[in-house]
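**Q** What follows is the file entry_22.txt, containing compact mmCIF, N, CA and C atoms:
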```
# COMPACT_ATOMS: atom_id res chain seq x y z
N GLY G 1 31.89 11.15 -75.03
CA GLY G 1 30.92 10.94 -74.01
C GLY G 1 31.45 10.06 -72.90
N ILE G 2 30.64 9.89 -71.89
CA ILE G 2 31.00 9.05 -70.75
C ILE G 2 31.17 7.61 -71.22
N GLY G 3 32.23 6.99 -70.77
CA GLY G 3 32.48 5.60 -71.12
C GLY G 3 33.21 5.41 -72.44
N HIS G 4 33.52 6.49 -73.15
CA HIS G 4 34.20 6.35 -74.43
C HIS G 4 35.71 6.49 -74.31
N GLN G 5 36.18 6.93 -73.17
CA GLN G 5 37.61 7.00 -72.92
C GLN G 5 37.83 6.46 -71.50
N PRO G 6 38.62 5.40 -71.39
CA PRO G 6 38.79 4.81 -70.05
C PRO G 6 39.58 5.73 -69.13
N ASN G 7 39.23 5.73 -67.87
CA ASN G 7 39.91 6.54 -66.87
C ASN G 7 41.00 5.68 -66.22
N THR G 8 42.01 5.35 -67.00
CA THR G 8 43.04 4.40 -66.56
C THR G 8 44.45 4.96 -66.55
N ALA G 9 44.61 6.24 -66.82
CA ALA G 9 45.95 6.82 -66.95
C ALA G 9 46.83 6.57 -65.74
N ALA G 10 46.26 6.50 -64.55
CA ALA G 10 47.05 6.27 -63.34
C ALA G 10 47.67 4.87 -63.32
N PHE G 11 47.13 3.95 -64.10
CA PHE G 11 47.59 2.56 -64.07
C PHE G 11 48.43 2.16 -65.28
N THR G 12 48.33 2.92 -66.37
CA THR G 12 48.99 2.51 -67.61
C THR G 12 50.52 2.46 -67.54
N PRO G 13 51.18 3.16 -66.61
CA PRO G 13 52.64 2.97 -66.55
C PRO G 13 53.03 1.54 -66.14
N TRP G 14 52.12 0.82 -65.48
CA TRP G 14 52.45 -0.52 -64.97
C TRP G 14 51.64 -1.64 -65.59
N ILE G 15 50.39 -1.39 -65.89
CA ILE G 15 49.52 -2.45 -66.39
C ILE G 15 49.47 -2.41 -67.91
N THR G 16 49.55 -3.59 -68.52
CA THR G 16 49.47 -3.68 -69.98
C THR G 16 48.15 -3.07 -70.44
N HIS G 17 48.24 -2.23 -71.47
CA HIS G 17 47.05 -1.55 -72.00
C HIS G 17 47.19 -1.41 -73.51
N ASP G 18 46.07 -1.12 -74.15
CA ASP G 18 46.11 -0.95 -75.60
C ASP G 18 46.36 0.51 -75.95
N GLU G 19 46.35 0.81 -77.23
CA GLU G 19 46.67 2.17 -77.69
C GLU G 19 45.63 3.21 -77.26
N LEU G 20 44.44 2.77 -76.88
CA LEU G 20 43.40 3.69 -76.43
C LEU G 20 43.38 3.88 -74.91
N GLY G 21 44.23 3.09 -74.20
CA GLY G 21 44.29 3.20 -72.75
C GLY G 21 43.49 2.16 -72.00
N TYR G 22 42.82 1.26 -72.72
CA TYR G 22 42.07 0.20 -72.04
C TYR G 22 43.05 -0.83 -71.49
N LEU G 23 42.82 -1.27 -70.25
CA LEU G 23 43.68 -2.27 -69.64
C LEU G 23 43.44 -3.60 -70.33
N VAL G 24 44.50 -4.38 -70.50
CA VAL G 24 44.42 -5.65 -71.22
C VAL G 24 44.63 -6.81 -70.25
N PRO G 25 43.54 -7.45 -69.83
CA PRO G 25 43.69 -8.61 -68.95
C PRO G 25 44.10 -9.85 -69.75
N GLN G 26 44.44 -10.90 -69.03
CA GLN G 26 44.77 -12.16 -69.68
C GLN G 26 43.53 -12.66 -70.42
N PRO G 27 43.72 -13.34 -71.55
CA PRO G 27 42.56 -13.81 -72.33
C PRO G 27 41.58 -14.65 -71.50
N GLY G 28 40.31 -14.26 -71.54
CA GLY G 28 39.26 -14.98 -70.84
C GLY G 28 39.26 -14.79 -69.33
N ARG G 29 40.04 -13.84 -68.84
CA ARG G 29 40.15 -13.60 -67.40
C ARG G 29 40.10 -12.10 -67.12
N THR G 30 40.20 -11.75 -65.84
CA THR G 30 40.30 -10.35 -65.45
C THR G 30 41.69 -10.04 -64.90
N ALA G 31 42.53 -11.06 -64.74
CA ALA G 31 43.90 -10.88 -64.22
C ALA G 31 44.74 -10.09 -65.22
N THR G 32 45.54 -9.17 -64.70
CA THR G 32 46.42 -8.36 -65.55
C THR G 32 47.83 -8.93 -65.51
N ASN G 33 48.76 -8.21 -66.08
CA ASN G 33 50.15 -8.64 -66.08
C ASN G 33 50.81 -8.49 -64.71
N ILE G 34 50.13 -7.87 -63.76
CA ILE G 34 50.65 -7.72 -62.41
C ILE G 34 49.88 -8.66 -61.48
N GLU G 35 50.61 -9.51 -60.78
CA GLU G 35 49.98 -10.49 -59.88
C GLU G 35 49.12 -9.77 -58.84
N GLY G 36 47.88 -10.24 -58.69
CA GLY G 36 46.97 -9.67 -57.71
C GLY G 36 46.25 -8.42 -58.16
N VAL G 37 46.42 -8.01 -59.42
CA VAL G 37 45.72 -6.84 -59.95
C VAL G 37 44.80 -7.30 -61.07
N PHE G 38 43.53 -6.94 -60.98
CA PHE G 38 42.51 -7.39 -61.91
C PHE G 38 41.83 -6.19 -62.56
N ALA G 39 41.46 -6.33 -63.83
CA ALA G 39 40.81 -5.24 -64.57
C ALA G 39 39.43 -5.70 -65.03
N CYS G 40 38.47 -4.78 -64.97
CA CYS G 40 37.11 -5.14 -65.39
C CYS G 40 36.35 -3.90 -65.83
N GLY G 41 35.15 -4.15 -66.33
CA GLY G 41 34.26 -3.07 -66.71
C GLY G 41 34.81 -2.18 -67.81
N ASP G 42 34.45 -0.91 -67.73
CA ASP G 42 34.83 0.05 -68.77
C ASP G 42 36.33 0.27 -68.86
N ALA G 43 37.08 -0.09 -67.82
CA ALA G 43 38.54 0.07 -67.85
C ALA G 43 39.18 -0.96 -68.77
N ALA G 44 38.48 -2.06 -69.01
CA ALA G 44 39.06 -3.14 -69.82
C ALA G 44 38.22 -3.52 -71.03
N ASP G 45 37.05 -2.95 -71.17
CA ASP G 45 36.14 -3.37 -72.24
C ASP G 45 35.77 -2.20 -73.15
N HIS G 46 36.37 -2.13 -74.31
CA HIS G 46 36.04 -1.05 -75.24
C HIS G 46 34.98 -1.47 -76.25
N TYR G 47 34.59 -2.73 -76.23
CA TYR G 47 33.61 -3.21 -77.20
C TYR G 47 32.17 -2.97 -76.73
N TYR G 48 31.86 -3.44 -75.51
CA TYR G 48 30.49 -3.33 -75.03
C TYR G 48 30.22 -2.05 -74.25
N ARG G 49 31.09 -1.69 -73.33
CA ARG G 49 30.95 -0.48 -72.50
C ARG G 49 29.53 -0.32 -71.97
N GLN G 50 29.03 -1.36 -71.35
CA GLN G 50 27.67 -1.33 -70.82
C GLN G 50 27.69 -1.70 -69.35
N ALA G 51 26.70 -1.19 -68.62
CA ALA G 51 26.64 -1.44 -67.18
C ALA G 51 26.54 -2.93 -66.87
N VAL G 52 25.78 -3.67 -67.66
CA VAL G 52 25.61 -5.10 -67.39
C VAL G 52 26.94 -5.83 -67.57
N THR G 53 27.67 -5.49 -68.62
CA THR G 53 28.97 -6.10 -68.86
C THR G 53 29.93 -5.72 -67.73
N ALA G 54 29.90 -4.46 -67.32
CA ALA G 54 30.78 -4.01 -66.23
C ALA G 54 30.46 -4.76 -64.95
N ALA G 55 29.18 -4.97 -64.67
CA ALA G 55 28.80 -5.71 -63.46
C ALA G 55 29.26 -7.15 -63.55
N GLY G 56 29.12 -7.76 -64.71
CA GLY G 56 29.54 -9.15 -64.88
C GLY G 56 31.05 -9.32 -64.74
N THR G 57 31.82 -8.45 -65.38
CA THR G 57 33.27 -8.58 -65.26
C THR G 57 33.74 -8.14 -63.88
N GLY G 58 32.99 -7.23 -63.24
CA GLY G 58 33.31 -6.87 -61.86
C GLY G 58 33.15 -8.06 -60.94
N CYS G 59 32.09 -8.83 -61.15
CA CYS G 59 31.87 -10.05 -60.38
C CYS G 59 32.99 -11.05 -60.64
N ALA G 60 33.38 -11.22 -61.90
CA ALA G 60 34.47 -12.13 -62.24
C ALA G 60 35.77 -11.69 -61.58
N ALA G 61 36.03 -10.38 -61.57
CA ALA G 61 37.25 -9.86 -60.93
C ALA G 61 37.21 -10.11 -59.43
N ALA G 62 36.04 -9.96 -58.82
CA ALA G 62 35.90 -10.22 -57.38
C ALA G 62 36.18 -11.69 -57.06
N ILE G 63 35.67 -12.58 -57.90
CA ILE G 63 35.92 -14.02 -57.69
C ILE G 63 37.40 -14.33 -57.86
N GLU G 64 38.02 -13.77 -58.91
CA GLU G 64 39.45 -14.02 -59.12
C GLU G 64 40.28 -13.44 -57.97
N THR G 65 39.87 -12.28 -57.47
CA THR G 65 40.58 -11.67 -56.34
C THR G 65 40.47 -12.55 -55.11
N GLU G 66 39.26 -13.05 -54.84
CA GLU G 66 39.06 -13.92 -53.69
C GLU G 66 39.93 -15.17 -53.79
N ARG G 67 39.97 -15.79 -54.96
CA ARG G 67 40.80 -16.98 -55.16
C ARG G 67 42.28 -16.66 -55.00
N TRP G 68 42.70 -15.51 -55.53
CA TRP G 68 44.10 -15.12 -55.41
C TRP G 68 44.47 -14.91 -53.94
N LEU G 69 43.59 -14.23 -53.20
CA LEU G 69 43.85 -14.00 -51.77
C LEU G 69 43.91 -15.32 -51.00
N GLU G 70 43.03 -16.26 -51.34
CA GLU G 70 43.06 -17.57 -50.69
C GLU G 70 44.37 -18.30 -50.98
N GLU G 71 44.85 -18.19 -52.22
CA GLU G 71 46.14 -18.81 -52.57
C GLU G 71 47.26 -18.17 -51.78
N GLN G 72 47.21 -16.85 -51.63
CA GLN G 72 48.25 -16.15 -50.87
C GLN G 72 48.21 -16.58 -49.41
N ALA G 73 47.03 -16.70 -48.84
CA ALA G 73 46.88 -17.12 -47.45
C ALA G 73 47.37 -18.55 -47.29
N GLY G 74 47.06 -19.40 -48.26
CA GLY G 74 47.52 -20.79 -48.21
C GLY G 74 49.03 -20.88 -48.30
N ALA G 75 49.62 -20.07 -49.16
CA ALA G 75 51.07 -20.06 -49.30
C ALA G 75 51.71 -19.54 -48.03
N HIS G 76 51.07 -18.54 -47.41
CA HIS G 76 51.60 -17.96 -46.18
C HIS G 76 51.49 -18.99 -45.05
N ALA G 77 50.37 -19.71 -44.99
CA ALA G 77 50.16 -20.70 -43.93
C ALA G 77 51.15 -21.86 -44.06
N ALA G 78 51.58 -22.15 -45.28
CA ALA G 78 52.51 -23.25 -45.50
C ALA G 78 53.95 -22.85 -45.20
N SER G 79 54.18 -21.57 -45.01
CA SER G 79 55.54 -21.07 -44.77
C SER G 79 55.98 -21.47 -43.35
N PRO G 80 57.21 -21.98 -43.22
CA PRO G 80 57.68 -22.40 -41.89
C PRO G 80 57.82 -21.23 -40.91
N SER G 81 57.93 -20.02 -41.40
CA SER G 81 58.06 -18.87 -40.52
C SER G 81 56.72 -18.26 -40.13
N SER G 82 55.64 -18.86 -40.60
CA SER G 82 54.31 -18.33 -40.32
C SER G 82 53.93 -18.60 -38.86
N PRO G 83 53.27 -17.63 -38.21
CA PRO G 83 52.79 -17.89 -36.87
C PRO G 83 51.63 -18.88 -36.93
N PRO G 84 51.36 -19.58 -35.87
CA PRO G 84 50.24 -20.54 -35.90
C PRO G 84 48.92 -19.79 -36.05
N PRO G 85 47.93 -20.45 -36.63
CA PRO G 85 46.63 -19.79 -36.79
C PRO G 85 45.98 -19.55 -35.44
N PRO G 86 45.11 -18.55 -35.35
CA PRO G 86 44.42 -18.28 -34.06
C PRO G 86 43.49 -19.43 -33.72
N PRO G 87 43.23 -19.63 -32.45
CA PRO G 87 42.32 -20.73 -32.04
C PRO G 87 40.91 -20.46 -32.56
N ALA G 88 40.20 -21.52 -32.83
CA ALA G 88 38.82 -21.40 -33.30
C ALA G 88 37.95 -20.92 -32.14
N PRO G 89 36.93 -20.12 -32.45
CA PRO G 89 36.05 -19.61 -31.38
C PRO G 89 35.19 -20.69 -30.79
```
Let me see the file written as structure tokens.

**A**
Amino acid sequence: GIGHQPNTAAFTPWITHDELGYLVPQPGRTATNIEGVFACGDAADHYYRQAVTAAGTGCAAAIETERWLEEQAGAHAASPSSPPPPPAP
């Protein structure tokens, strides 16, 4: 049935996954073995497979993505070759 087999085949050559094809994030997180790539919902959860769980882990992945992007922007801004930031409006 729907939700009983993850639709992750396109990602399994690169992202750590289990024998059933579910993506395996870091313990207690949504981050995967690839920096800047996050897994959530039915792609990473074979235990609950519920809409509420998918929404919750989707929110967690969004927060982790936002933090990762902020870190990348901060690292870029600290780089001596970075252009100056645009003037404030």

**Q** Please return, as JSON, numbers by chain, all residues of chain G that DSSP assigns to strand (DSSP E or B) on the basis of the backbone.

**A** {"G": [17, 23, 31, 38]}

**Q** Tell me, in Å to one decimal, how far CA of Ile34 in chain G is from CA of Pro13 in chain G.

**A**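 Pair CA of Ile34 in chain G / CA of Pro13 in chain G returns 11.6 Å.
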
**Q** From the set G:Gly41, G:His46, G:Gly36, G:Ala62, which residue has the shortest atom-to-atom contact distance to Gly21 in chain G, counting only C-alpha atoms?

**A**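 Once distances to Gly21 in chain G are computed over only C-alpha atoms, the minimum belongs to G:His46.
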
**Q** Take CA of Asp42 in chain G and CA of Phe11 in chain G and report the distance between them in Å, one decimal.

**A**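 Calculated distance between CA of Asp42 in chain G and CA of Phe11 in chain G is 13.8 Å.
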
**Q** As a PyMOL selection string, please: every residue in range 3-79 of chain G that a backbone DSSP assignment puts in alpha helix (DSSP H).

**A** chain G and resi 51-78

**Q** Do you know which residues are at most 6.5 Å from range 50-61 of chain G counting only N, CA and C atoms, after dropping those on the same chain fewer than 2 positions away, and could you put them as a PDB file with N, CA and C atoms, keeping the file's coordinate frame?

**A**
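Result file selection-v7.pdb:
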```
ATOM      1  N   THR G  30      40.200 -11.750 -65.840  1.00  0.00           N
ATOM      2  CA  THR G  30      40.300 -10.350 -65.450  1.00  0.00           C
ATOM      3  C   THR G  30      41.690 -10.040 -64.900  1.00  0.00           C
ATOM      4  N   PHE G  38      43.530  -6.940 -60.980  1.00  0.00           N
ATOM      5  CA  PHE G  38      42.510  -7.390 -61.910  1.00  0.00           C
ATOM      6  C   PHE G  38      41.830  -6.190 -62.560  1.00  0.00           C
ATOM      7  N   ALA G  39      41.460  -6.330 -63.830  1.00  0.00           N
ATOM      8  CA  ALA G  39      40.810  -5.240 -64.570  1.00  0.00           C
ATOM      9  C   ALA G  39      39.430  -5.700 -65.030  1.00  0.00           C
ATOM     10  N   CYS G  40      38.470  -4.780 -64.970  1.00  0.00           N
ATOM     11  CA  CYS G  40      37.110  -5.140 -65.390  1.00  0.00           C
ATOM     12  C   CYS G  40      36.350  -3.900 -65.830  1.00  0.00           C
ATOM     13  N   GLY G  41      35.150  -4.150 -66.330  1.00  0.00           N
ATOM     14  CA  GLY G  41      34.260  -3.070 -66.710  1.00  0.00           C
ATOM     15  C   GLY G  41      34.810  -2.180 -67.810  1.00  0.00           C
ATOM     16  N   ASP G  42      34.450  -0.910 -67.730  1.00  0.00           N
ATOM     17  CA  ASP G  42      34.830   0.050 -68.770  1.00  0.00           C
ATOM     18  C   ASP G  42      36.330   0.270 -68.860  1.00  0.00           C
ATOM     19  N   TYR G  47      34.590  -2.730 -76.230  1.00  0.00           N
ATOM     20  CA  TYR G  47      33.610  -3.210 -77.200  1.00  0.00           C
ATOM     21  C   TYR G  47      32.170  -2.970 -76.730  1.00  0.00           C
ATOM     22  N   TYR G  48      31.860  -3.440 -75.510  1.00  0.00           N
ATOM     23  CA  TYR G  48      30.490  -3.330 -75.030  1.00  0.00           C
ATOM     24  C   TYR G  48      30.220  -2.050 -74.250  1.00  0.00           C
ATOM     25  N   ILE G  63      35.670 -12.580 -57.900  1.00  0.00           N
ATOM     26  CA  ILE G  63      35.920 -14.020 -57.690  1.00  0.00           C
ATOM     27  C   ILE G  63      37.400 -14.330 -57.860  1.00  0.00           C
ATOM     28  N   GLU G  64      38.020 -13.770 -58.910  1.00  0.00           N
ATOM     29  CA  GLU G  64      39.450 -14.020 -59.120  1.00  0.00           C
ATOM     30  C   GLU G  64      40.280 -13.440 -57.970  1.00  0.00           C
ATOM     31  N   THR G  65      39.870 -12.280 -57.470  1.00  0.00           N
ATOM     32  CA  THR G  65      40.580 -11.670 -56.340  1.00  0.00           C
ATOM     33  C   THR G  65      40.470 -12.550 -55.110  1.00  0.00           C
ATOM     34  N   GLU G  66      39.260 -13.050 -54.840  1.00  0.00           N
ATOM     35  CA  GLU G  66      39.060 -13.920 -53.690  1.00  0.00           C
ATOM     36  C   GLU G  66      39.930 -15.170 -53.790  1.00  0.00           C
TER      37      GLU G  66
END
```

**Q** Excluding Gln5 in chain G and its own-chain neighbours fewer than 4 positions away, which residues fall within 12 Å of it when counting only C-alpha atoms? Please give them as an NGL selection string.

**A** :G and (1 or 9 or 18-23 or 42-47 or 49)

**Q** One number please: atom N of His76 in chain G to CA of Gly28 in chain G, in Å, one decimal.

**A** 26.5 Å

**Q** Please complete range 11-33 of chain G with N, CA, C and O atoms and give it back as an mmCIF file, in the coordinates of the input.

**A**
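For reference, result19.cif as written:
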```
data_model
loop_
_atom_site.group_PDB
_atom_site.id
_atom_site.type_symbol
_atom_site.label_atom_id
_atom_site.label_comp_id
_atom_site.auth_asym_id
_atom_site.auth_seq_id
_atom_site.Cartn_x
_atom_site.Cartn_y
_atom_site.Cartn_z
ATOM 1 N N PHE G 11 47.130 3.950 -64.100
ATOM 2 C CA PHE G 11 47.590 2.560 -64.070
ATOM 3 C C PHE G 11 48.430 2.160 -65.280
ATOM 4 O O PHE G 11 49.149 1.167 -65.236
ATOM 5 N N THR G 12 48.330 2.920 -66.370
ATOM 6 C CA THR G 12 48.990 2.510 -67.610
ATOM 7 C C THR G 12 50.520 2.460 -67.540
ATOM 8 O O THR G 12 51.107 1.738 -68.338
ATOM 9 N N PRO G 13 51.180 3.160 -66.610
ATOM 10 C CA PRO G 13 52.640 2.970 -66.550
ATOM 11 C C PRO G 13 53.030 1.540 -66.140
ATOM 12 O O PRO G 13 54.142 1.097 -66.411
ATOM 13 N N TRP G 14 52.120 0.820 -65.480
ATOM 14 C CA TRP G 14 52.450 -0.520 -64.970
ATOM 15 C C TRP G 14 51.640 -1.640 -65.590
ATOM 16 O O TRP G 14 52.142 -2.744 -65.763
ATOM 17 N N ILE G 15 50.390 -1.390 -65.890
ATOM 18 C CA ILE G 15 49.520 -2.450 -66.390
ATOM 19 C C ILE G 15 49.470 -2.410 -67.910
ATOM 20 O O ILE G 15 49.321 -1.342 -68.512
ATOM 21 N N THR G 16 49.550 -3.590 -68.520
ATOM 22 C CA THR G 16 49.470 -3.680 -69.980
ATOM 23 C C THR G 16 48.150 -3.070 -70.440
ATOM 24 O O THR G 16 47.092 -3.342 -69.880
ATOM 25 N N HIS G 17 48.240 -2.230 -71.470
ATOM 26 C CA HIS G 17 47.050 -1.550 -72.000
ATOM 27 C C HIS G 17 47.190 -1.410 -73.510
ATOM 28 O O HIS G 17 48.269 -1.584 -74.068
ATOM 29 N N ASP G 18 46.070 -1.120 -74.150
ATOM 30 C CA ASP G 18 46.110 -0.950 -75.600
ATOM 31 C C ASP G 18 46.360 0.510 -75.950
ATOM 32 O O ASP G 18 46.538 1.354 -75.057
ATOM 33 N N GLU G 19 46.350 0.810 -77.230
ATOM 34 C CA GLU G 19 46.670 2.170 -77.690
ATOM 35 C C GLU G 19 45.630 3.210 -77.260
ATOM 36 O O GLU G 19 45.914 4.402 -77.253
ATOM 37 N N LEU G 20 44.440 2.770 -76.880
ATOM 38 C CA LEU G 20 43.400 3.690 -76.430
ATOM 39 C C LEU G 20 43.380 3.880 -74.910
ATOM 40 O O LEU G 20 42.612 4.673 -74.399
ATOM 41 N N GLY G 21 44.230 3.090 -74.200
ATOM 42 C CA GLY G 21 44.290 3.200 -72.750
ATOM 43 C C GLY G 21 43.490 2.160 -72.000
ATOM 44 O O GLY G 21 43.466 2.169 -70.774
ATOM 45 N N TYR G 22 42.820 1.260 -72.720
ATOM 46 C CA TYR G 22 42.070 0.200 -72.040
ATOM 47 C C TYR G 22 43.050 -0.830 -71.490
ATOM 48 O O TYR G 22 44.001 -1.231 -72.174
ATOM 49 N N LEU G 23 42.820 -1.270 -70.250
ATOM 50 C CA LEU G 23 43.680 -2.270 -69.640
ATOM 51 C C LEU G 23 43.440 -3.600 -70.330
ATOM 52 O O LEU G 23 42.316 -3.924 -70.721
ATOM 53 N N VAL G 24 44.500 -4.380 -70.500
ATOM 54 C CA VAL G 24 44.420 -5.650 -71.220
ATOM 55 C C VAL G 24 44.630 -6.810 -70.250
ATOM 56 O O VAL G 24 45.762 -7.107 -69.885
ATOM 57 N N PRO G 25 43.540 -7.450 -69.830
ATOM 58 C CA PRO G 25 43.690 -8.610 -68.950
ATOM 59 C C PRO G 25 44.100 -9.850 -69.750
ATOM 60 O O PRO G 25 44.096 -9.834 -70.994
ATOM 61 N N GLN G 26 44.440 -10.900 -69.030
ATOM 62 C CA GLN G 26 44.770 -12.160 -69.680
ATOM 63 C C GLN G 26 43.530 -12.660 -70.420
ATOM 64 O O GLN G 26 42.402 -12.424 -69.978
ATOM 65 N N PRO G 27 43.720 -13.340 -71.550
ATOM 66 C CA PRO G 27 42.560 -13.810 -72.330
ATOM 67 C C PRO G 27 41.580 -14.650 -71.500
ATOM 68 O O PRO G 27 41.988 -15.567 -70.794
ATOM 69 N N GLY G 28 40.310 -14.260 -71.540
ATOM 70 C CA GLY G 28 39.260 -14.980 -70.840
ATOM 71 C C GLY G 28 39.260 -14.790 -69.330
ATOM 72 O O GLY G 28 38.539 -15.477 -68.618
ATOM 73 N N ARG G 29 40.040 -13.840 -68.840
ATOM 74 C CA ARG G 29 40.150 -13.600 -67.400
ATOM 75 C C ARG G 29 40.100 -12.100 -67.120
ATOM 76 O O ARG G 29 40.002 -11.289 -68.023
ATOM 77 N N THR G 30 40.200 -11.750 -65.840
ATOM 78 C CA THR G 30 40.300 -10.350 -65.450
ATOM 79 C C THR G 30 41.690 -10.040 -64.900
ATOM 80 O O THR G 30 41.995 -8.879 -64.636
ATOM 81 N N ALA G 31 42.530 -11.060 -64.740
ATOM 82 C CA ALA G 31 43.900 -10.880 -64.220
ATOM 83 C C ALA G 31 44.740 -10.090 -65.220
ATOM 84 O O ALA G 31 44.644 -10.292 -66.424
ATOM 85 N N THR G 32 45.540 -9.170 -64.700
ATOM 86 C CA THR G 32 46.420 -8.360 -65.550
ATOM 87 C C THR G 32 47.830 -8.930 -65.510
ATOM 88 O O THR G 32 48.063 -9.988 -64.921
ATOM 89 N N ASN G 33 48.760 -8.210 -66.080
ATOM 90 C CA ASN G 33 50.150 -8.640 -66.080
ATOM 91 C C ASN G 33 50.810 -8.490 -64.710
ATOM 92 O O ASN G 33 51.913 -8.972 -64.499
#
```
